[in-house]
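Peer 1: What follows is start.pdb; its format and atoms are PDB, C-alpha atoms, pLDDT in the B column.
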```pdb
ATOM      1  CA  ILE A1135       0.000   0.000   0.000  1.00 66.00           C
ATOM      2  CA  SER A1136       3.062   2.255   0.255  1.00 92.00           C
ATOM      3  CA  ILE A1137       6.287   2.280  -1.779  1.00 94.00           C
ATOM      4  CA  GLN A1138       9.091   4.848  -1.733  1.00 95.00           C
ATOM      5  CA  GLU A1139      12.391   5.025  -3.598  1.00 94.00           C
ATOM      6  CA  PHE A1140      15.096   7.092  -1.934  1.00 94.00           C
ATOM      7  CA  ASN A1141      18.858   7.289  -2.580  1.00 90.00           C
ATOM      8  CA  ASN A1142      18.972   4.010  -4.512  1.00 90.00           C
ATOM      9  CA  GLU A1143      16.950   2.260  -1.824  1.00 95.00           C
ATOM     10  CA  LEU A1144      13.411   0.959  -2.153  1.00 97.00           C
ATOM     11  CA  PHE A1145      11.023   0.809   0.805  1.00 98.00           C
ATOM     12  CA  ILE A1146       7.934  -1.404   0.523  1.00 98.00           C
ATOM     13  CA  GLY A1147       5.288  -1.438   3.224  1.00 97.00           C
ATOM     14  CA  ALA A1148       3.673  -4.705   4.317  1.00 96.00           C
ATOM     15  CA  SER A1149       1.227  -3.308   6.831  1.00 96.00           C
ATOM     16  CA  SER A1150      -0.561  -6.633   7.387  1.00 95.00           C
ATOM     17  CA  ASP A1151       2.615  -8.636   8.013  1.00 94.00           C
ATOM     18  CA  SER A1152       1.787 -11.183  10.717  1.00 94.00           C
ATOM     19  CA  ARG A1153       5.025 -13.120  11.065  1.00 93.00           C
ATOM     20  CA  PHE A1154       5.243 -12.445  14.800  1.00 94.00           C
ATOM     21  CA  VAL A1155       2.031 -10.592  15.719  1.00 94.00           C
ATOM     22  CA  GLU A1156      -1.186 -10.456  13.691  1.00 95.00           C
ATOM     23  CA  ALA A1157      -1.206  -7.447  11.322  1.00 95.00           C
ATOM     24  CA  SER A1158       1.567  -5.738  13.271  1.00 95.00           C
ATOM     25  CA  GLY A1159       3.175  -4.787   9.957  1.00 97.00           C
ATOM     26  CA  ALA A1160       6.662  -4.492   8.510  1.00 97.00           C
ATOM     27  CA  VAL A1161       8.695  -2.598   5.916  1.00 98.00           C
ATOM     28  CA  TYR A1162      11.061  -4.285   3.455  1.00 98.00           C
ATOM     29  CA  VAL A1163      14.179  -2.408   2.344  1.00 98.00           C
ATOM     30  CA  TYR A1164      15.913  -3.153  -0.949  1.00 97.00           C
ATOM     31  CA  LYS A1165      19.133  -1.737  -2.350  1.00 95.00           C
ATOM     32  CA  LYS A1166      20.126  -1.598  -6.003  1.00 90.00           C
ATOM     33  CA  SER A1167      23.309  -3.485  -6.830  1.00 88.00           C
ATOM     34  CA  ASN A1168      25.906  -2.363  -9.355  1.00 88.00           C
ATOM     35  CA  ASP A1169      24.211  -4.755 -11.782  1.00 90.00           C
ATOM     36  CA  GLY A1170      20.907  -2.914 -11.376  1.00 88.00           C
ATOM     37  CA  ILE A1171      19.281  -5.695  -9.369  1.00 93.00           C
ATOM     38  CA  TRP A1172      17.191  -4.875  -6.291  1.00 95.00           C
ATOM     39  CA  GLU A1173      18.365  -6.962  -3.343  1.00 96.00           C
ATOM     40  CA  ARG A1174      16.705  -7.067   0.062  1.00 96.00           C
ATOM     41  CA  TYR A1175      19.016  -6.172   2.939  1.00 94.00           C
ATOM     42  CA  GLN A1176      16.691  -5.169   5.802  1.00 97.00           C
ATOM     43  CA  LYS A1177      13.218  -5.847   7.137  1.00 97.00           C
ATOM     44  CA  MET A1178      11.960  -3.371   9.726  1.00 96.00           C
ATOM     45  CA  TYR A1179       9.407  -3.861  12.498  1.00 95.00           C
ATOM     46  CA  PRO A1180       7.972  -1.435  15.082  1.00 91.00           C
ATOM     47  CA  THR A1181       9.711  -1.145  18.449  1.00 87.00           C
ATOM     48  CA  ILE A1182       6.915  -3.054  20.178  1.00 89.00           C
ATOM     49  CA  MET A1183       4.823  -5.229  17.877  1.00 92.00           C
ATOM     50  CA  LYS A1184       1.083  -4.994  18.540  1.00 92.00           C
ATOM     51  CA  GLU A1185      -1.941  -6.557  16.908  1.00 93.00           C
ATOM     52  CA  PHE A1186      -3.414  -4.612  13.973  1.00 93.00           C
ATOM     53  CA  ALA A1187      -0.949  -1.701  14.283  1.00 95.00           C
ATOM     54  CA  HIS A1188      -0.363  -1.811  10.491  1.00 96.00           C
ATOM     55  CA  PHE A1189       3.219  -0.549  10.617  1.00 97.00           C
ATOM     56  CA  GLY A1190       4.219   0.372   7.061  1.00 97.00           C
ATOM     57  CA  TYR A1191       0.829   1.741   6.030  1.00 97.00           C
ATOM     58  CA  LYS A1192       2.436   4.973   4.791  1.00 97.00           C
ATOM     59  CA  ILE A1193       6.094   5.675   4.034  1.00 98.00           C
ATOM     60  CA  GLU A1194       7.656   9.072   3.371  1.00 97.00           C
ATOM     61  CA  THR A1195      11.216  10.416   3.143  1.00 97.00           C
ATOM     62  CA  ASN A1196      12.822  13.779   3.841  1.00 97.00           C
ATOM     63  CA  SER A1197      15.861  14.380   1.630  1.00 94.00           C
ATOM     64  CA  LYS A1198      17.068  17.425   3.569  1.00 96.00           C
ATOM     65  CA  TYR A1199      17.646  15.447   6.769  1.00 96.00           C
ATOM     66  CA  ASN A1200      17.749  11.890   5.353  1.00 95.00           C
ATOM     67  CA  HIS A1201      14.875  10.877   7.606  1.00 97.00           C
ATOM     68  CA  LEU A1202      12.442   8.060   6.931  1.00 98.00           C
ATOM     69  CA  PHE A1203       8.860   8.229   8.228  1.00 98.00           C
ATOM     70  CA  ILE A1204       6.751   5.088   8.682  1.00 98.00           C
ATOM     71  CA  SER A1205       3.201   5.179   9.975  1.00 97.00           C
ATOM     72  CA  ALA A1206       1.265   2.631  12.011  1.00 96.00           C
ATOM     73  CA  PRO A1207      -2.164   4.315  12.087  1.00 95.00           C
ATOM     74  CA  GLU A1208      -3.784   1.732  14.370  1.00 93.00           C
ATOM     75  CA  ASP A1209      -0.906   1.286  16.798  1.00 93.00           C
ATOM     76  CA  SER A1210      -2.021   1.484  20.442  1.00 87.00           C
ATOM     77  CA  ASN A1211      -0.132   3.818  22.774  1.00 88.00           C
ATOM     78  CA  ASP A1212      -0.607   6.190  25.723  1.00 85.00           C
ATOM     79  CA  ALA A1213      -2.941   8.307  23.578  1.00 83.00           C
ATOM     80  CA  GLY A1214      -5.407   5.440  23.356  1.00 82.00           C
ATOM     81  CA  LEU A1215      -6.362   2.137  21.794  1.00 82.00           C
ATOM     82  CA  PHE A1216      -5.518   2.087  18.059  1.00 86.00           C
ATOM     83  CA  ALA A1217      -4.541   5.780  18.252  1.00 90.00           C
ATOM     84  CA  GLY A1218      -1.630   5.516  15.810  1.00 94.00           C
ATOM     85  CA  ASN A1219       2.103   6.195  15.757  1.00 95.00           C
ATOM     86  CA  VAL A1220       4.551   7.637  13.251  1.00 98.00           C
ATOM     87  CA  TYR A1221       8.087   6.281  13.491  1.00 98.00           C
ATOM     88  CA  ILE A1222      11.047   8.425  12.441  1.00 98.00           C
ATOM     89  CA  LEU A1223      14.197   6.615  11.377  1.00 97.00           C
ATOM     90  CA  ASN A1224      17.684   7.551  10.309  1.00 95.00           C
ATOM     91  CA  LYS A1225      20.561   5.490   9.017  1.00 92.00           C
ATOM     92  CA  SER A1226      23.196   4.224  11.435  1.00 88.00           C
ATOM     93  CA  ASP A1227      25.884   1.644  10.627  1.00 86.00           C
ATOM     94  CA  SER A1228      24.262   1.055   7.218  1.00 89.00           C
ATOM     95  CA  LEU A1229      20.887   0.161   8.763  1.00 95.00           C
ATOM     96  CA  TRP A1230      17.723   2.187   9.330  1.00 97.00           C
ATOM     97  CA  LYS A1231      16.980   2.596  13.024  1.00 96.00           C
ATOM     98  CA  ILE A1232      14.114   4.225  14.921  1.00 96.00           C
ATOM     99  CA  LYS A1233      15.131   7.540  16.507  1.00 96.00           C
ATOM    100  CA  GLN A1234      11.781   9.106  17.431  1.00 97.00           C
ATOM    101  CA  ILE A1235       8.100   8.159  17.706  1.00 97.00           C
ATOM    102  CA  LEU A1236       5.278  10.684  17.274  1.00 97.00           C
ATOM    103  CA  THR A1237       1.815  10.168  18.760  1.00 94.00           C
ATOM    104  CA  PRO A1238      -1.497  12.088  18.626  1.00 93.00           C
ATOM    105  CA  ASP A1239      -3.297  13.953  21.392  1.00 87.00           C
ATOM    106  CA  ILE A1240      -4.756  11.911  24.227  1.00 80.00           C
ATOM    107  CA  GLY A1241      -8.511  11.335  24.364  1.00 70.00           C
ATOM    108  CA  GLU A1242      -9.822  11.174  20.796  1.00 71.00           C
ATOM    109  CA  ALA A1243     -11.121   7.732  19.852  1.00 71.00           C
ATOM    110  CA  PHE A1244      -9.414   6.094  16.860  1.00 82.00           C
ATOM    111  CA  PRO A1245      -7.888   9.241  15.298  1.00 90.00           C
ATOM    112  CA  TYR A1246      -6.062   7.189  12.621  1.00 91.00           C
ATOM    113  CA  PHE A1247      -2.895   9.211  13.195  1.00 95.00           C
ATOM    114  CA  GLY A1248      -0.508   8.522  10.323  1.00 96.00           C
ATOM    115  CA  GLY A1249      -3.157   7.731   7.741  1.00 95.00           C
ATOM    116  CA  SER A1250      -1.285  10.181   5.500  1.00 97.00           C
ATOM    117  CA  ILE A1251       2.169  11.783   5.670  1.00 98.00           C
ATOM    118  CA  VAL A1252       3.907  14.506   3.658  1.00 97.00           C
ATOM    119  CA  THR A1253       7.108  16.400   4.410  1.00 97.00           C
ATOM    120  CA  LYS A1254       8.982  19.369   3.004  1.00 95.00           C
ATOM    121  CA  GLY A1255      12.249  20.786   4.303  1.00 96.00           C
ATOM    122  CA  ASP A1256      11.855  21.608   7.987  1.00 97.00           C
ATOM    123  CA  TYR A1257       8.167  20.632   8.139  1.00 98.00           C
ATOM    124  CA  LEU A1258       6.266  17.386   8.590  1.00 98.00           C
ATOM    125  CA  PHE A1259       2.498  16.950   8.141  1.00 98.00           C
ATOM    126  CA  ILE A1260       0.661  13.946   9.575  1.00 98.00           C
ATOM    127  CA  GLY A1261      -2.985  13.289   8.797  1.00 96.00           C
ATOM    128  CA  ALA A1262      -5.353  12.080  11.521  1.00 94.00           C
ATOM    129  CA  SER A1263      -8.537  11.711   9.516  1.00 92.00           C
ATOM    130  CA  GLY A1264     -10.401   9.661  12.116  1.00 86.00           C
ATOM    131  CA  SER A1265     -12.530   6.569  11.680  1.00 65.00           C
ATOM    132  CA  GLY A1266     -16.161   5.602  11.909  1.00 58.00           C
ATOM    133  CA  SER A1267     -15.840   5.762  15.716  1.00 61.00           C
ATOM    134  CA  THR A1268     -14.366   9.276  15.839  1.00 60.00           C
ATOM    135  CA  GLN A1269     -16.735  11.878  17.235  1.00 61.00           C
ATOM    136  CA  SER A1270     -15.224  14.943  15.542  1.00 72.00           C
ATOM    137  CA  GLY A1271     -13.695  15.971  12.238  1.00 82.00           C
ATOM    138  CA  GLY A1272     -10.212  15.021  11.134  1.00 90.00           C
ATOM    139  CA  SER A1273      -7.066  17.078  11.542  1.00 94.00           C
ATOM    140  CA  VAL A1274      -3.487  17.458  10.342  1.00 97.00           C
ATOM    141  CA  TYR A1275      -0.636  17.623  12.839  1.00 97.00           C
ATOM    142  CA  VAL A1276       2.252  19.888  11.832  1.00 98.00           C
ATOM    143  CA  TYR A1277       5.779  19.340  13.137  1.00 98.00           C
ATOM    144  CA  LYS A1278       8.944  21.368  12.674  1.00 98.00           C
ATOM    145  CA  ILE A1279      12.462  20.079  13.126  1.00 98.00           C
ATOM    146  CA  LYS A1280      14.656  21.581  15.838  1.00 96.00           C
ATOM    147  CA  ASN A1281      18.032  20.236  16.922  1.00 93.00           C
ATOM    148  CA  ASN A1282      17.446  17.184  14.717  1.00 92.00           C
ATOM    149  CA  SER A1283      14.193  16.359  16.539  1.00 97.00           C
ATOM    150  CA  TRP A1284      10.652  16.825  15.188  1.00 98.00           C
ATOM    151  CA  GLU A1285       8.622  19.033  17.526  1.00 98.00           C
ATOM    152  CA  PHE A1286       4.871  19.671  17.437  1.00 97.00           C
ATOM    153  CA  LEU A1287       4.072  23.067  15.928  1.00 97.00           C
ATOM    154  CA  LYS A1288       0.293  23.205  15.521  1.00 96.00           C
ATOM    155  CA  LYS A1289      -2.765  21.324  14.400  1.00 95.00           C
ATOM    156  CA  ILE A1290      -4.815  22.194  11.315  1.00 96.00           C
ATOM    157  CA  ILE A1291      -8.418  21.422  12.235  1.00 92.00           C
ATOM    158  CA  SER A1292     -11.086  20.483   9.726  1.00 91.00           C
ATOM    159  CA  PRO A1293     -12.869  23.695   8.654  1.00 91.00           C
ATOM    160  CA  ILE A1294     -16.280  22.051   9.116  1.00 86.00           C
ATOM    161  CA  ASN A1295     -15.189  19.677  11.916  1.00 83.00           C
ATOM    162  CA  VAL A1296     -18.080  17.216  11.793  1.00 81.00           C
ATOM    163  CA  ILE A1297     -18.105  13.508  12.502  1.00 80.00           C
ATOM    164  CA  ARG A1298     -16.626  11.354   9.726  1.00 80.00           C
ATOM    165  CA  ASP A1299     -15.518  14.179   7.438  1.00 88.00           C
ATOM    166  CA  TYR A1300     -12.120  12.381   7.231  1.00 91.00           C
ATOM    167  CA  PHE A1301     -10.196  15.635   6.847  1.00 94.00           C
ATOM    168  CA  GLY A1302      -6.526  14.751   6.328  1.00 95.00           C
ATOM    169  CA  TYR A1303      -7.190  11.404   4.624  1.00 95.00           C
ATOM    170  CA  SER A1304      -4.956  12.496   1.743  1.00 96.00           C
ATOM    171  CA  MET A1305      -2.363  15.260   1.367  1.00 97.00           C
ATOM    172  CA  PHE A1306      -0.012  16.675  -1.228  1.00 97.00           C
ATOM    173  CA  ILE A1307       2.511  19.476  -0.951  1.00 97.00           C
ATOM    174  CA  GLU A1308       4.087  21.585  -3.692  1.00 96.00           C
ATOM    175  CA  GLY A1309       6.048  24.719  -2.879  1.00 94.00           C
ATOM    176  CA  ASP A1310       4.049  26.682  -0.297  1.00 96.00           C
ATOM    177  CA  SER A1311       0.761  24.982  -1.250  1.00 97.00           C
ATOM    178  CA  ILE A1312      -0.725  22.146   0.782  1.00 97.00           C
ATOM    179  CA  LEU A1313      -3.743  20.298  -0.607  1.00 97.00           C
ATOM    180  CA  ILE A1314      -5.741  18.281   1.948  1.00 97.00           C
ATOM    181  CA  GLY A1315      -8.440  15.796   1.012  1.00 95.00           C
ATOM    182  CA  SER A1316     -11.568  15.276   3.100  1.00 93.00           C
ATOM    183  CA  PRO A1317     -13.615  12.466   1.472  1.00 92.00           C
ATOM    184  CA  GLY A1318     -16.288  12.431   4.156  1.00 86.00           C
ATOM    185  CA  ASP A1319     -19.795  11.079   4.539  1.00 74.00           C
ATOM    186  CA  VAL A1320     -23.007  13.087   4.411  1.00 70.00           C
ATOM    187  CA  TYR A1321     -23.710  14.901   7.684  1.00 68.00           C
ATOM    188  CA  ASN A1322     -27.278  16.088   8.389  1.00 67.00           C
ATOM    189  CA  GLY A1323     -28.020  16.015   4.676  1.00 66.00           C
ATOM    190  CA  THR A1324     -24.988  18.150   3.814  1.00 70.00           C
ATOM    191  CA  ARG A1325     -22.014  17.092   1.750  1.00 69.00           C
ATOM    192  CA  THR A1326     -18.714  16.949   3.642  1.00 80.00           C
ATOM    193  CA  ALA A1327     -16.475  15.539   0.876  1.00 88.00           C
ATOM    194  CA  LYS A1328     -14.194  18.382  -0.205  1.00 90.00           C
ATOM    195  CA  ALA A1329     -10.544  19.279  -0.756  1.00 94.00           C
ATOM    196  CA  TYR A1330      -8.888  22.251   0.919  1.00 96.00           C
ATOM    197  CA  LEU A1331      -5.968  24.313  -0.353  1.00 98.00           C
ATOM    198  CA  TYR A1332      -3.760  25.929   2.292  1.00 98.00           C
ATOM    199  CA  ILE A1333      -0.919  28.382   1.717  1.00 97.00           C
ATOM    200  CA  GLN A1334       2.053  28.295   4.062  1.00 96.00           C
ATOM    201  CA  ASN A1335       3.544  31.538   5.349  1.00 95.00           C
ATOM    202  CA  ASN A1336       6.445  30.596   7.629  1.00 94.00           C
ATOM    203  CA  ASP A1337       4.755  28.762  10.532  1.00 96.00           C
ATOM    204  CA  ASP A1338       1.202  29.776   9.545  1.00 96.00           C
ATOM    205  CA  PHE A1339      -1.136  27.870   7.245  1.00 97.00           C
ATOM    206  CA  ASN A1340      -4.027  29.820   5.773  1.00 97.00           C
ATOM    207  CA  LEU A1341      -7.033  28.347   3.976  1.00 97.00           C
ATOM    208  CA  GLU A1342      -6.974  29.686   0.410  1.00 97.00           C
ATOM    209  CA  TYR A1343      -9.646  27.730  -1.463  1.00 96.00           C
ATOM    210  CA  ILE A1344     -12.203  24.939  -1.040  1.00 95.00           C
ATOM    211  CA  PHE A1345     -12.733  22.491  -3.914  1.00 94.00           C
ATOM    212  CA  GLU A1346     -16.136  20.863  -4.251  1.00 88.00           C
ATOM    213  CA  PRO A1347     -17.636  19.296  -7.397  1.00 83.00           C
ATOM    214  CA  SER A1348     -20.996  20.468  -8.727  1.00 78.00           C
ATOM    215  CA  ASP A1349     -21.711  17.398 -10.844  1.00 73.00           C
ATOM    216  CA  SER A1350     -21.518  14.431  -8.512  1.00 65.00           C
ATOM    217  CA  ILE A1351     -23.453  12.679  -5.770  1.00 69.00           C
ATOM    218  CA  TYR A1352     -22.723  13.115  -2.084  1.00 65.00           C
ATOM    219  CA  HIS A1353     -21.172   9.672  -1.585  1.00 72.00           C
ATOM    220  CA  ASP A1354     -18.487   9.890  -4.297  1.00 80.00           C
ATOM    221  CA  GLY A1355     -15.433   9.997  -2.006  1.00 87.00           C
ATOM    222  CA  PHE A1356     -14.261  13.316  -3.457  1.00 90.00           C
ATOM    223  CA  GLY A1357     -10.860  14.027  -1.904  1.00 92.00           C
ATOM    224  CA  ILE A1358      -9.820  10.410  -1.360  1.00 93.00           C
ATOM    225  CA  GLY A1359      -6.663  11.209  -3.323  1.00 94.00           C
ATOM    226  CA  VAL A1360      -5.106  14.586  -4.129  1.00 95.00           C
ATOM    227  CA  SER A1361      -2.174  15.857  -6.149  1.00 96.00           C
ATOM    228  CA  MET A1362      -0.799  19.045  -7.690  1.00 95.00           C
ATOM    229  CA  ASN A1363       1.330  19.821 -10.717  1.00 94.00           C
ATOM    230  CA  LYS A1364       2.450  23.375 -11.464  1.00 88.00           C
ATOM    231  CA  GLY A1365      -0.827  25.051 -10.579  1.00 87.00           C
ATOM    232  CA  GLU A1366      -3.097  22.195 -11.642  1.00 94.00           C
ATOM    233  CA  PHE A1367      -5.046  20.369  -8.944  1.00 95.00           C
ATOM    234  CA  LEU A1368      -6.022  16.724  -9.268  1.00 95.00           C
ATOM    235  CA  ILE A1369      -8.655  15.361  -6.888  1.00 94.00           C
ATOM    236  CA  GLY A1370      -9.798  11.762  -6.901  1.00 93.00           C
ATOM    237  CA  ALA A1371     -13.399  10.712  -6.298  1.00 87.00           C
TER     238      ALA A1371
END
```
In structure tokens, write the structure found in this file.
Peer 2:
Amino acid sequence: ISIQEFNNELFIGASSDSRFVEASGAVYVYKKSNDGIWERYQKMYPTIMKEFAHFGYKIETNSKYNHLFISAPEDSNDAGLFAGNVYILNKSDSLWKIKQILTPDIGEAFPYFGGSIVTKGDYLFIGASGSGSTQSGGSVYVYKIKNNSWEFLKKIISPINVIRDYFGYSMFIEGDSILIGSPGDVYNGTRTAKAYLYIQNNDDFNLEYIFEPSDSIYHDGFGIGVSMNKGEFLIGA
């Protein structure tokens, strides 16, 4: 469900890997040989393997700091049952090793923290779109690196903030533009599936535009995938 190529290495998520614990998850790492053949040299697991954590669900890399981000959006932790973790790794002695673990706020049921990840330079964005059991809208956690550690900066809350709007389910970043998908259900007869364009100004993120189709039904999943390309916006439904 997630594949990333980075510095002649290939990372492949196997979020339902159950070799040791059911659906705890794993990530396979391959390196390209001088002959152009991809050879596996590492298989990574979470620090503590838990049932249905789905480690490897999303994988992202930051080229500025050579950091690898791996999400386990249903990993249980101090924030709650199936709250989600994002693992940050760097390379040491030729192997990728966990250096930091990020978790969501305490108290929200099943936030699905790590359901999406994007990063740019000094900033990291982690989607917490929620699940069918979440009692509020989704959100995006923003982190900024300081002294080689990722520190919480702020949270971008769903503009409508209603149950099962799934804000943060998908994200894409290009330059100072951040496109966030919210492929939500109908709430009180009103459509919640939209995509939101934010513009970054240093440590502030301002809502610039809301995308919503005029030619589709409410339950089309608009915003389930988003992308940008030089001023063009692509939104999956």
Peer 1: Kindly resolve the PyMOL selection byres ((chain A and resi 1222-1238) around 6) on the present coordinates and return the residues as a VMD selection string.
Peer 2: chain A and resid 1201 to 1203 1219 to 1221 1239
Peer 1: Pick from A:Thr1326, A:Asn1336, A:Ser1316, A:Thr1181: nearest to Tyr1303 of chain A, with only C-alpha atoms counted?
Peer 2: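 Closest candidate: A:Ser1316.
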Peer 1: Expand the PyMOL selection byres ((chain A and resi 1279) around 10) into the individual residues it matches in the shown file, reporting them as a ChimeraX atom specification.
Peer 2: /A:1199,1255-1258,1277-1278,1280-1287
Peer 1: If the PyMOL selection byres ((chain A and resi 1158) around 8) were run on this exact file, what residues would it hold? Put them as a VMD selection string.
Peer 2: chain A and resid 1149 to 1152 1154 to 1157 1159 to 1160 1180 1183 to 1189
Peer 1: Restricting the calculation to only C-alpha atoms, which member of A:Ala1262, A:Ile1312, A:Leu1341, A:Leu1331 is positioned closest to Tyr1300 of chain A?
Peer 2: A:Ala1262
Peer 1: Could you please determine the separation between atom CA of Phe1356 of chain A and atom CA of Asp1209 of chain A in Å, to one decimal place?
Peer 2: 27.1 Å
Peer 1: Which one of A:Ala1213, A:Asn1340, A:Lys1328, A:Ile1307 sits closest to Ile1290 of chain A if you count all atoms listed in the file?
Peer 2: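 Looking only at the distances to Ile1290 of chain A, the closest residue turns out to be A:Asn1340.
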Peer 1: Compare A:Ile1344, A:Ser1250, A:Gln1176, A:Ser1273 by their minimum atom-to-atom distance to Ile1358 of chain A, counting all atoms listed in the file, and give me the closest one.
Peer 2: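 Comparing A:Ile1344, A:Ser1250, A:Gln1176, A:Ser1273 against Ile1358 of chain A, the winner is A:Ser1250.
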Peer 1: Take atom CA of Tyr1179 of chain A and atom CA of Asp1212 of chain A and report the distance between them in Å, one decimal.
Peer 2: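 Between atom CA of Tyr1179 of chain A and atom CA of Asp1212 of chain A the gap works out to 19.4 Å.
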